[in-house]
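Enquirer: This is the structure, below, for whatever I ask next.
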There are 2 protein chains.
Amino acid sequence: MSARILDGEAFASQIHRETATRVSALLRRGITPGLVFIRVGEDPASRAYVSRKETRAREVGISSRTLVLPESTPLSSLLAEIDSLNADPKVHGILIQSPLPSTLPNDQVYARVSPAKDVDGFHPVNFGKLLLGDPSGFLPCTPAGILEILRLGKIPTQGKHAVVVGRGQIVGRPLAVLLARKAVHADCTVTLAHSSTPNLPSITRQADILIGALGRPLFLTQEHVQPGATVIDVGVNRIPDPNSPRGYRLVGDVDFPSVKTVAAAITPNPGGVGPMTIALLLSNTLRATEDACR
Amino acid sequence: MSARILDGEAFASQIHRETATRVSALLRRGITPGLVFIRVGEDPASRAYVSRKETRAREVGISSRTLVLPESTPLSSLLAEIDSLNADPKVHGILIQSPLPSTLPNDQVYARVSPAKDVDGFHPVNFGKLLLGDPSGFLPCTPAGILEILRLGKIPTQGKHAVVVGRGQIVGRPLAVLLARKAVHADCTVTLAHSSTPNLPSITRQADILIGALGRPLFLTQEHVQPGATVIDVGVNRIPDPNSPRGYRLVGDVDFPSVKTVAAAITPNPGGVGPMTIALLLSNTLRATEDACR
């Protein structure tokens with residue numbers, strides 16, 4: 001048996017098409033959705049991520065630009081830039097590319113973005129609305145993208161047991177809350193497991209839907225998976241690879257070759273969760289624009 | 001075998017004593033912690049709750065008063081009252097007693113309280129900080145009180161499996177997140193189960209710590225409980241009782257007589273979670289005052 005592949009690129013394209021259609025309607029009304037990326041420093045991975053997001057934004061008709069600030073930018077200057085973008089009516093979405101230099105306090109920076117322009121869903125108010133079940137907030141893009149994979153992949157969720165492995169603030173914790181909501185494409189019993197969970201396979205083997213968001217390369221193997229489960233791999237881990245020009249390669253949290261022989265459906269990695277995160281960023285930006293112009 | 005009783009009244013008294021000691025230190029500096037209750041309408045249960053909280057506040061040295069507004073209060077007037085209390089430096093904590101009349105939108109009202117005076121922990125920013133693990137926010141009093149029962153009752157939590165039954169926004173969801181935190185008195189594997197969970201006993205019998213927060217009278221019985229588990233009963237349910245002068249009596253979610261024969265430790269109800277909620281409200285108010293006067 002080999003699992004059905006949950007093709008994140010194909011699902012993301014579907015969302016991009018829907019976004020592009022609605023962006024066209026705004027453009028006809030003379031409204032151009034505007035997205036600004038802030039990148040601090042010259043981390044090569046951050047450069048690549050932002051560049052990929054800019055390309056996708058352009059493809060769906062969203063106007064984007066990147067504000068590049070030097071590694072040594074003081075907090076006050078960064079906050080002043082954010083204030084100015086918050087006040088600019090042509091800017092509907094603001095994304096601060098992580099990681100920030102270690103000299104800058106993440107929480108202060110993310111909390112400075114206006115919640116109405118926080119298309120990354122990282123402002124405390126948006127996290128609070130998520131926990132409260134208030135749909136007026138923006139959901140963080142990766143958990144929201146995973147919900148869309150389940151929906152578009154026609155994976156049943158109601159009454160199913162989802163096990164989320166990893167309790168990070170950006171994926172594991174919010175995803176657990178979202179999957180447990182009383183909603184059509186949720187309504188799971190949810191277990192949040194993590195590095196301190198003893199006898200992890202006895203927990204993960206209960207999962208109808210298993211999410212790897214632990215950040216440990218190839219950690220989830222066949223022994224963790226109930227036959228017939230759906231497996232979603234969120235991990236992005238660097239492992240040394242002397243054959244790569246960069247000296248490393250990226251792998252997920254799931255040992256794809258062994259798991260795909262027992263799972264019923266599985267995301268590839270890359271090509272699973274990653275593209276969905278960008279698709280949800282752009283649909284959040286569209287919604288921010290629609291909300292601002294209502 | 002009969003379970004050890006987790007005496008919420010005794011634990012609450014311990015917290016009240018600590019609060020009173022720190023309040024005394026503030027009073028010596030000429031600072032009086034001030035707490036204002038807002039009660040809209042004349043619901044008898046709300047009157048009783050507020051009156052009990054006022055008594056406890058007085059006992060620990062916190063100055064409190066209650067603003068009583070008529071059932072017909074328009075939203076704009078209520079928001080104006082909140083704004084005025086937000087601006088008053090003698091007021092450190094504001095609690096809006098629920099339930100509000102159905103004409104008033106809960107979310108708008110709770111979000112109007114300054115997050116720094118939101119000693120109930122109901123503002124979206126405080127819920128967001130909870131989800132993010134940012135300790136600068138105020139935790140909602142009932143989940144925080146349950147954590148204190150586990151701590152003061154010396155119930156081991158690290159690496160244990162906690163099952164929270166009920167996904168309400170005030171208790172179930174935030175408590176699940178808090179129990180999963182990487183922290184000394186948390187670090188549980190957490191399952192969030194609810195009304196749509198099939199074969200619930202197969203889930204709850206895995207619990208080392210079982211929390212009933214479903215709002216169904218006497219729903220959790222012996223068959224739901226693993227021998228040796230700790231059981232916490234959050235439920236407050238009215239059931240008809242012709243022998244009571246009020247025509248009803250209050251019962252929890254846990255069938256205490258049957259469960260106490262298998263559990264190792266159990267909260268009584270009343271006298272378990274209820275008193276802790278008030279104790280945490282007053283310790284939040286103390287902290288709000290200390291933060292404001294720093």
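In the structure tokens, chains take the letters A, B, ... in the order shown, each chain's residues start at 1, and ligands count up from 1 in the order shown.
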For A:Ser63, find every residue with an atom within 7 Å (counting only C-alpha atoms), except residues of its own chain fewer than 2 positions away, and show them as a PyMOL selection string.

Expert: chain A and resi 32-35+57-58+61

Enquirer: Okay, now the selection with N, CA and C atoms, as a compact mmCIF listing (two decimals), in the first residue's frame?

Expert:
# COMPACT_ATOMS: atom_id res chain seq x y z
N THR A 32 -5.94 48.51 -4.93
CA THR A 32 -4.83 47.56 -5.08
C THR A 32 -4.38 47.07 -3.71
N PRO A 33 -4.54 45.77 -3.45
CA PRO A 33 -4.05 45.25 -2.17
C PRO A 33 -2.54 45.46 -2.06
N GLY A 34 -2.10 45.97 -0.93
CA GLY A 34 -0.69 46.27 -0.74
C GLY A 34 -0.10 45.52 0.44
N LEU A 35 1.01 44.84 0.18
CA LEU A 35 1.67 44.01 1.21
C LEU A 35 3.12 44.46 1.32
N ALA A 57 2.88 36.86 -4.63
CA ALA A 57 2.01 38.02 -4.46
C ALA A 57 1.75 38.66 -5.82
N ARG A 58 2.82 38.87 -6.59
CA ARG A 58 2.70 39.48 -7.92
C ARG A 58 1.78 38.65 -8.79
N GLY A 61 -1.77 39.38 -8.20
CA GLY A 61 -2.18 40.77 -8.38
C GLY A 61 -2.04 41.64 -7.14

Enquirer: As an MDAnalysis selection string, please: the residues near A:Gln206 (cut-off 9 Å, only C-alpha atoms, same-chain neighbours under 4 positions excluded).

Expert: chainID A and resid 161:163 201:202 210 225:226

Enquirer: What are the closest atom pairs, with distances in Å to one decimal, for all residues of chain B lying within 9 Å of chain A? Consider only C-alpha atoms, order rows by chain and residue number, and present the result as CSV.

Expert:
residue,atom,partner,partner_atom,distance
B:Asp107,CA,A:Asp134,CA,8.6
B:His123,CA,A:Gly128,CA,7.9
B:Pro124,CA,A:Gly128,CA,4.4
B:Val125,CA,A:Val125,CA,4.6
B:Asn126,CA,A:Gly128,CA,6.9
B:Phe127,CA,A:Gly128,CA,4.4
B:Gly128,CA,A:Gly128,CA,3.5
B:Lys129,CA,A:Pro124,CA,5.8
B:Leu130,CA,A:Gly128,CA,7.9
B:Leu131,CA,A:Phe127,CA,6.7
B:Leu132,CA,A:Gln169,CA,5.4
B:Gly133,CA,A:Gln169,CA,7.6
B:Asp134,CA,A:Asp107,CA,8.6
B:Gln158,CA,A:Ser196,CA,7.5
B:Gly159,CA,A:Thr197,CA,5.4
B:Lys160,CA,A:Thr197,CA,7.6
B:His161,CA,A:Thr197,CA,8.2
B:Val163,CA,A:Thr191,CA,8.6
B:Arg167,CA,A:Ala180,CA,7.4
B:Gly168,CA,A:Leu132,CA,8.7
B:Gln169,CA,A:Leu132,CA,5.4
B:Ile170,CA,A:Leu132,CA,8.2
B:Arg173,CA,A:Val177,CA,6.8
B:Pro174,CA,A:Leu131,CA,7.3
B:Ala176,CA,A:Leu192,CA,8.6
B:Val177,CA,A:Arg173,CA,6.8
B:Ala180,CA,A:Leu192,CA,7.2
B:Arg181,CA,A:Arg167,CA,7.6
B:Lys182,CA,A:Ser196,CA,8.5
B:Asp187,CA,A:Ser196,CA,6.9
B:Cys188,CA,A:Thr197,CA,7.3
B:Thr189,CA,A:Ala193,CA,5.0
B:Val190,CA,A:Leu192,CA,5.3
B:Thr191,CA,A:Thr191,CA,4.0
B:Leu192,CA,A:Val190,CA,5.3
B:Ala193,CA,A:Thr189,CA,5.0
B:His194,CA,A:Thr189,CA,7.0
B:Ser196,CA,A:Gly159,CA,5.5
B:Thr197,CA,A:Gly159,CA,5.4
B:Pro198,CA,A:Gly159,CA,6.2

Enquirer: I'd like the interatomic distance between atom CA of B:His16 and atom CA of B:Lys53, to a tenth of an Å.

Expert: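 Spanning atom CA of B:His16 to atom CA of B:Lys53 is a straight-line distance of 11.9 Å.
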
Enquirer: Please provide the set of residues having any atom within 7 Å of stretch 215-223 of chain A, restricted to only C-alpha atoms, with same-chain residues fewer than 5 positions apart removed, written as number ranges by chain.

Expert: A: 201, 235-237, 251-255, 258-259, 262

Enquirer: Output N, CA and C atoms for every residue in the selection just made, as an mmCIF file, in the first residue's frame.

Expert:
data_model
loop_
_atom_site.group_PDB
_atom_site.id
_atom_site.type_symbol
_atom_site.label_atom_id
_atom_site.label_comp_id
_atom_site.auth_asym_id
_atom_site.auth_seq_id
_atom_site.Cartn_x
_atom_site.Cartn_y
_atom_site.Cartn_z
ATOM 1 N N PRO A 201 4.839 6.692 20.865
ATOM 2 C CA PRO A 201 4.095 5.908 19.863
ATOM 3 C C PRO A 201 2.715 5.451 20.344
ATOM 4 N N GLY A 235 7.552 19.955 9.658
ATOM 5 C CA GLY A 235 8.952 20.219 9.992
ATOM 6 C C GLY A 235 9.772 20.799 8.853
ATOM 7 N N VAL A 236 10.650 21.706 9.193
ATOM 8 C CA VAL A 236 11.673 22.195 8.262
ATOM 9 C C VAL A 236 12.986 22.153 9.038
ATOM 10 N N ASN A 237 13.767 21.089 8.831
ATOM 11 C CA ASN A 237 14.998 20.891 9.597
ATOM 12 C C ASN A 237 16.193 20.819 8.650
ATOM 13 N N VAL A 251 14.962 18.630 5.626
ATOM 14 C CA VAL A 251 14.085 17.465 5.749
ATOM 15 C C VAL A 251 12.987 17.787 6.753
ATOM 16 N N GLY A 252 11.912 17.019 6.699
ATOM 17 C CA GLY A 252 10.783 17.239 7.605
ATOM 18 C C GLY A 252 10.925 16.466 8.905
ATOM 19 N N ASP A 253 9.823 16.424 9.660
ATOM 20 C CA ASP A 253 9.775 15.656 10.910
ATOM 21 C C ASP A 253 9.356 14.214 10.648
ATOM 22 N N VAL A 254 8.898 13.934 9.426
ATOM 23 C CA VAL A 254 8.324 12.623 9.120
ATOM 24 C C VAL A 254 9.265 11.863 8.182
ATOM 25 N N ASP A 255 9.494 10.609 8.521
ATOM 26 C CA ASP A 255 10.294 9.734 7.662
ATOM 27 C C ASP A 255 9.383 9.220 6.540
ATOM 28 N N SER A 258 9.138 5.449 4.939
ATOM 29 C CA SER A 258 8.561 4.372 5.760
ATOM 30 C C SER A 258 7.096 4.670 6.114
ATOM 31 N N VAL A 259 6.787 5.929 6.378
ATOM 32 C CA VAL A 259 5.421 6.261 6.817
ATOM 33 C C VAL A 259 4.421 6.111 5.673
ATOM 34 N N VAL A 262 2.279 2.958 5.414
ATOM 35 C CA VAL A 262 1.169 2.642 6.335
ATOM 36 C C VAL A 262 0.068 3.697 6.328
#

Enquirer: Residues at most 8 Å from A:Asp7, counting only C-alpha atoms, excluding those fewer than 5 positions away in the same chain, as a ChimeraX atom specification?

Expert: /A:267-268,271-272

Enquirer: So which one's closest to B:Thr19, B:Val60, B:Phe37, B:Gly153, B:Glu71? Using only C-alpha atoms, please.

Expert: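 Of B:Val60, B:Phe37, B:Gly153, B:Glu71, the one nearest B:Thr19 is B:Val60, counting only C-alpha atoms.
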
Enquirer: Which residues, written as a list in words, have at least one atom at most 12 Å from B:Ser13, with only C-alpha atoms counted and residues fewer than 2 positions away on the same chain left out?

Expert: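 The contact residues come out as Asp7, Gly8, Glu9, Ala10, Phe11, Ile15, His16, Arg17, Glu18, Thr19, Ala20, Arg56, Glu59, Val60, Ile149, Leu152, Gly271, Pro275, Met276, Thr277, Ile278, Ala279, Leu280, Leu282 and Ser283 of chain B.
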
Enquirer: Got time to write the residues from that selection, C-alpha atoms, as a PDB file, in the first residue's frame?

Expert:
ATOM      1  CA  ASP B   7      -9.853  20.970  49.473  1.00  0.00           C
ATOM      2  CA  GLY B   8     -10.335  24.104  47.402  1.00  0.00           C
ATOM      3  CA  GLU B   9     -11.421  26.142  50.436  1.00  0.00           C
ATOM      4  CA  ALA B  10      -8.159  25.346  52.238  1.00  0.00           C
ATOM      5  CA  PHE B  11      -5.991  26.052  49.179  1.00  0.00           C
ATOM      6  CA  ILE B  15      -3.603  32.003  48.566  1.00  0.00           C
ATOM      7  CA  HIS B  16      -5.738  34.631  50.321  1.00  0.00           C
ATOM      8  CA  ARG B  17      -3.199  34.765  53.172  1.00  0.00           C
ATOM      9  CA  GLU B  18      -0.329  35.317  50.718  1.00  0.00           C
ATOM     10  CA  THR B  19      -2.366  37.987  48.930  1.00  0.00           C
ATOM     11  CA  ALA B  20      -3.213  39.697  52.231  1.00  0.00           C
ATOM     12  CA  ARG B  56     -13.263  38.103  50.131  1.00  0.00           C
ATOM     13  CA  GLU B  59     -10.843  40.255  53.923  1.00  0.00           C
ATOM     14  CA  VAL B  60      -7.514  40.549  52.093  1.00  0.00           C
ATOM     15  CA  ILE B 149      -5.034  23.099  42.951  1.00  0.00           C
ATOM     16  CA  LEU B 152      -0.795  22.983  46.156  1.00  0.00           C
ATOM     17  CA  GLY B 271     -15.670  23.628  47.700  1.00  0.00           C
ATOM     18  CA  PRO B 275     -13.174  29.160  45.846  1.00  0.00           C
ATOM     19  CA  MET B 276      -9.946  29.017  43.831  1.00  0.00           C
ATOM     20  CA  THR B 277     -11.457  31.161  41.079  1.00  0.00           C
ATOM     21  CA  ILE B 278     -12.055  33.953  43.606  1.00  0.00           C
ATOM     22  CA  ALA B 279      -8.576  33.513  45.116  1.00  0.00           C
ATOM     23  CA  LEU B 280      -6.991  33.939  41.680  1.00  0.00           C
ATOM     24  CA  LEU B 282      -7.772  38.681  44.021  1.00  0.00           C
ATOM     25  CA  SER B 283      -4.168  37.660  43.372  1.00  0.00           C
TER      26      SER B 283
END

Enquirer: In Å, rounded to a single decimal, give me how far atom CA of B:Pro156 is from atom CA of B:Asp208.

Expert: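 According to the coordinates, atom CA of B:Asp208 and atom CA of B:Pro156 are separated by 9.2 Å.
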